[in-house]
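Please read the structure below before turning to the comments.
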Amino acid sequence: MKDHYSFLTPFYNSLTKLVFGDQLMHAKTCLAKKVSEKKILIIGGGNGLDYQVFQDQLTGEYWEISSSMLQKAKINLEESSLSFHLGFFHAEKERLFDEVWLHFVLDTMLDEEIESLLGEIRKSLKPEGTIYLADFFAPKNALQRVVNQTMITFFRIATNHKRANLPNYEEILLGQNWVKNSEKEFLKGWVKAQVWRL
């Protein structure tokens with residue numbers, strides 16, 4: 001599998017922080033509750049740096065399609081009890097999780113890929129399990145629209161992303177009978193953190 005993120009990996013967090021400050025990190029962590037009591041599945045976690053502060057509480061699995069990002073995550077989260085996996089997540093009957101973290105990963109996927117992933121997640125969650133989604137939603141002003149389109153274009157060129165727009169996450173989730181449990185907004189609602197359950 002070709003690693004489309006290899007050249008971005010060394011400065012990805014610095015670039016994100018330059019543009020967004022700590023807002024994306026806060027979106028990834030603001031709804032993380034009772035982490036030590038949960039078995040967590042993290043899909044598309046990148047280099048894992050934003051989870052470092054509570055890494056010793058993390059148990060579960062960490063999936064990433066970029067080998068360079070995964071190697072960084074193993075170092076950044078070496079004190080966690082996570083197992084690290086390269087590739088696309090697939091469900092297995094004996095592996096059930098309390099919570100699945102989808103942080104800034106669905107915006108890179110086509111609708112049908114999101115629907116397929118949600119099907120795998122459904123098979124992997126305990127009955128009371130939840131999805132913790134954090135991602136970009138519709139921009140709220142002209143500046144955000146410009147930055148949003150610039151980001152999409154950049155990632156389409158640099159990392160071979162397929163999408164030319166943002167997914168309608170809520171429509172897809174509601175269509176599969178997920179229910180939104182809580183929500184917190186950042187950057188005037190351009191970024192949202194949400195918890196969903198069946």
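Naming works like this for the structure tokens: A, B, ... for the chains as they're shown, residue 1 at the start of each chain, ligands 1 onward in shown order.
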
Please provide as JSON, numbers by chain all residues within 6 Å of segment 80-96 of chain A, with the sequence filter that same-chain residues fewer than 2 positions apart are discarded (counting only C-alpha atoms).
{"A": [55, 56, 58, 59, 60, 61, 62, 63, 64, 65, 77, 78, 120, 124, 125, 126]}

Name the closest residue to Thr130 of chain A among the candidates A:Lys188, A:Lys180, A:Lys34, A:Lys72; distances are taken between atoms, counting only C-alpha atoms.
A:Lys180

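Coordinates place atom CA of Val147 of chain A at a distance of 26.7 Å from atom CA of Ile42 of chain A.
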
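The shortest atom-to-atom distance to Leu102 of chain A, with only C-alpha atoms taken into account, belongs to A:Tyr169 out of A:Phe154, A:Tyr169, A:Phe186, A:Phe20.
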
Could you tell me which of A:Thr108, A:Trp178, A:Glu185, A:Leu198 comes closest to Ala164 of chain A if we count only C-alpha atoms?
A:Thr108

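Shortest atom-to-atom contact with Ser14 of chain A among A:Gly119, A:Asn47, A:Leu70, A:Ala27: A:Asn47, counting only C-alpha atoms.
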
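In terms of minimum interatomic distance to Trp190 of chain A, A:Ala134 ranks closest within A:Met25, A:Ala134, A:Val35, A:Ile114, counting only C-alpha atoms.
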
Can you check which residues of chain A DSSP gives as strand (DSSP E or B) on the backbone and send them as a ChimeraX atom specification?
/A:40-43,59-64,81-86,97-103,125-136,179-186,191-197

Write the residues of the selection above to a file with N, CA and C atoms, as a compact mmCIF listing (two decimals), in the first residue's frame.
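Contents of the output file again06.txt:
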```txt
# COMPACT_ATOMS: atom_id res chain seq x y z
N ILE A 40 -11.18 1.07 23.30
CA ILE A 40 -11.41 2.06 22.26
C ILE A 40 -10.78 1.62 20.94
N LEU A 41 -11.51 1.86 19.86
CA LEU A 41 -11.02 1.64 18.50
C LEU A 41 -10.79 2.99 17.87
N ILE A 42 -9.55 3.27 17.51
CA ILE A 42 -9.19 4.54 16.87
C ILE A 42 -8.88 4.26 15.41
N ILE A 43 -9.63 4.89 14.51
CA ILE A 43 -9.44 4.68 13.07
C ILE A 43 -8.96 5.99 12.45
N THR A 59 -6.70 1.84 25.93
CA THR A 59 -6.66 0.41 25.66
C THR A 59 -7.53 0.14 24.43
N GLY A 60 -7.06 -0.70 23.54
CA GLY A 60 -7.84 -1.04 22.36
C GLY A 60 -6.96 -1.19 21.13
N GLU A 61 -7.46 -0.70 19.99
CA GLU A 61 -6.74 -0.84 18.72
C GLU A 61 -6.63 0.51 18.02
N TYR A 62 -5.55 0.65 17.28
CA TYR A 62 -5.25 1.89 16.55
C TYR A 62 -4.98 1.52 15.10
N TRP A 63 -5.85 2.00 14.19
CA TRP A 63 -5.73 1.66 12.77
C TRP A 63 -5.39 2.90 11.96
N GLU A 64 -4.43 2.75 11.04
CA GLU A 64 -3.97 3.87 10.22
C GLU A 64 -3.51 3.33 8.88
N SER A 81 -1.84 1.11 26.01
CA SER A 81 -2.04 -0.34 25.87
C SER A 81 -2.75 -0.64 24.55
N LEU A 82 -2.51 0.20 23.55
CA LEU A 82 -3.10 0.02 22.23
C LEU A 82 -2.27 -0.96 21.41
N SER A 83 -2.94 -1.71 20.54
CA SER A 83 -2.23 -2.47 19.51
C SER A 83 -2.37 -1.68 18.21
N PHE A 84 -1.32 -1.66 17.40
CA PHE A 84 -1.27 -0.81 16.22
C PHE A 84 -1.36 -1.65 14.95
N HIS A 85 -2.20 -1.16 14.00
CA HIS A 85 -2.49 -1.93 12.79
C HIS A 85 -2.42 -1.04 11.56
N LEU A 86 -1.74 -1.52 10.53
CA LEU A 86 -1.63 -0.81 9.27
C LEU A 86 -2.67 -1.35 8.30
N PHE A 97 -15.80 -3.28 20.92
CA PHE A 97 -15.29 -2.06 21.52
C PHE A 97 -16.41 -1.26 22.18
N ASP A 98 -16.02 -0.46 23.17
CA ASP A 98 -16.97 0.43 23.85
C ASP A 98 -17.17 1.72 23.05
N GLU A 99 -16.13 2.13 22.35
CA GLU A 99 -16.20 3.41 21.63
C GLU A 99 -15.27 3.38 20.43
N VAL A 100 -15.70 4.02 19.35
CA VAL A 100 -14.89 4.15 18.13
C VAL A 100 -14.63 5.62 17.89
N TRP A 101 -13.36 5.98 17.72
CA TRP A 101 -12.99 7.37 17.46
C TRP A 101 -12.73 7.56 15.97
N LEU A 102 -13.53 8.42 15.36
CA LEU A 102 -13.37 8.80 13.95
C LEU A 102 -13.05 10.28 13.92
N HIS A 103 -11.78 10.60 14.04
CA HIS A 103 -11.35 12.00 14.16
C HIS A 103 -10.68 12.46 12.88
N LEU A 125 -19.05 -2.90 17.69
CA LEU A 125 -19.41 -2.19 18.90
C LEU A 125 -20.24 -3.06 19.85
N LYS A 126 -20.00 -2.87 21.14
CA LYS A 126 -20.86 -3.47 22.15
C LYS A 126 -22.24 -2.82 22.05
N PRO A 127 -23.29 -3.45 22.58
CA PRO A 127 -24.66 -2.92 22.43
C PRO A 127 -24.82 -1.46 22.84
N GLU A 128 -24.11 -1.01 23.87
CA GLU A 128 -24.21 0.38 24.32
C GLU A 128 -23.05 1.23 23.81
N GLY A 129 -22.34 0.71 22.81
CA GLY A 129 -21.16 1.41 22.31
C GLY A 129 -21.50 2.69 21.56
N THR A 130 -20.49 3.54 21.41
CA THR A 130 -20.68 4.84 20.77
C THR A 130 -19.60 5.12 19.73
N ILE A 131 -19.93 6.03 18.83
CA ILE A 131 -18.96 6.61 17.90
C ILE A 131 -18.67 8.04 18.36
N TYR A 132 -17.40 8.37 18.45
CA TYR A 132 -16.97 9.74 18.76
C TYR A 132 -16.42 10.32 17.46
N LEU A 133 -17.22 11.16 16.83
CA LEU A 133 -16.87 11.79 15.55
C LEU A 133 -16.36 13.20 15.79
N ALA A 134 -15.26 13.55 15.16
CA ALA A 134 -14.78 14.94 15.14
C ALA A 134 -14.32 15.23 13.72
N ASP A 135 -14.86 16.33 13.13
CA ASP A 135 -14.51 16.60 11.74
C ASP A 135 -14.97 17.99 11.33
N PHE A 136 -14.59 18.34 10.10
CA PHE A 136 -15.03 19.59 9.50
C PHE A 136 -16.45 19.43 8.96
N VAL A 179 -28.05 7.66 16.33
CA VAL A 179 -28.69 8.80 17.01
C VAL A 179 -27.60 9.65 17.66
N LYS A 180 -27.67 10.96 17.42
CA LYS A 180 -26.68 11.86 18.02
C LYS A 180 -26.98 12.06 19.50
N ASN A 181 -25.98 11.83 20.32
CA ASN A 181 -26.14 11.87 21.77
C ASN A 181 -25.65 13.19 22.36
N SER A 182 -24.59 13.76 21.81
CA SER A 182 -24.06 15.04 22.30
C SER A 182 -23.22 15.69 21.21
N GLU A 183 -22.97 16.98 21.39
CA GLU A 183 -22.24 17.73 20.37
C GLU A 183 -21.57 18.95 20.98
N LYS A 184 -20.40 19.28 20.46
CA LYS A 184 -19.71 20.50 20.84
C LYS A 184 -19.12 21.12 19.58
N GLU A 185 -19.25 22.46 19.45
CA GLU A 185 -18.81 23.15 18.24
C GLU A 185 -17.50 23.91 18.48
N PHE A 186 -16.71 24.00 17.42
CA PHE A 186 -15.47 24.76 17.41
C PHE A 186 -15.43 25.58 16.13
N VAL A 191 -16.08 23.16 12.74
CA VAL A 191 -15.62 21.88 13.29
C VAL A 191 -16.57 21.49 14.41
N LYS A 192 -16.97 20.21 14.41
CA LYS A 192 -17.85 19.71 15.47
C LYS A 192 -17.31 18.40 16.02
N ALA A 193 -17.54 18.22 17.31
CA ALA A 193 -17.30 16.94 17.97
C ALA A 193 -18.65 16.37 18.37
N GLN A 194 -18.91 15.12 18.03
CA GLN A 194 -20.22 14.52 18.28
C GLN A 194 -20.06 13.08 18.79
N VAL A 195 -21.02 12.67 19.62
CA VAL A 195 -21.10 11.28 20.04
C VAL A 195 -22.39 10.70 19.48
N TRP A 196 -22.28 9.55 18.82
CA TRP A 196 -23.41 8.87 18.21
C TRP A 196 -23.56 7.46 18.79
N ARG A 197 -24.80 7.01 18.92
CA ARG A 197 -25.04 5.62 19.34
C ARG A 197 -26.21 5.07 18.55
```

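Residue nearest Pro167 of chain A within the list A:Leu118, A:Ser67, A:Ala73, A:Phe137: A:Phe137 [criterion: smallest interatomic distance, only C-alpha atoms].
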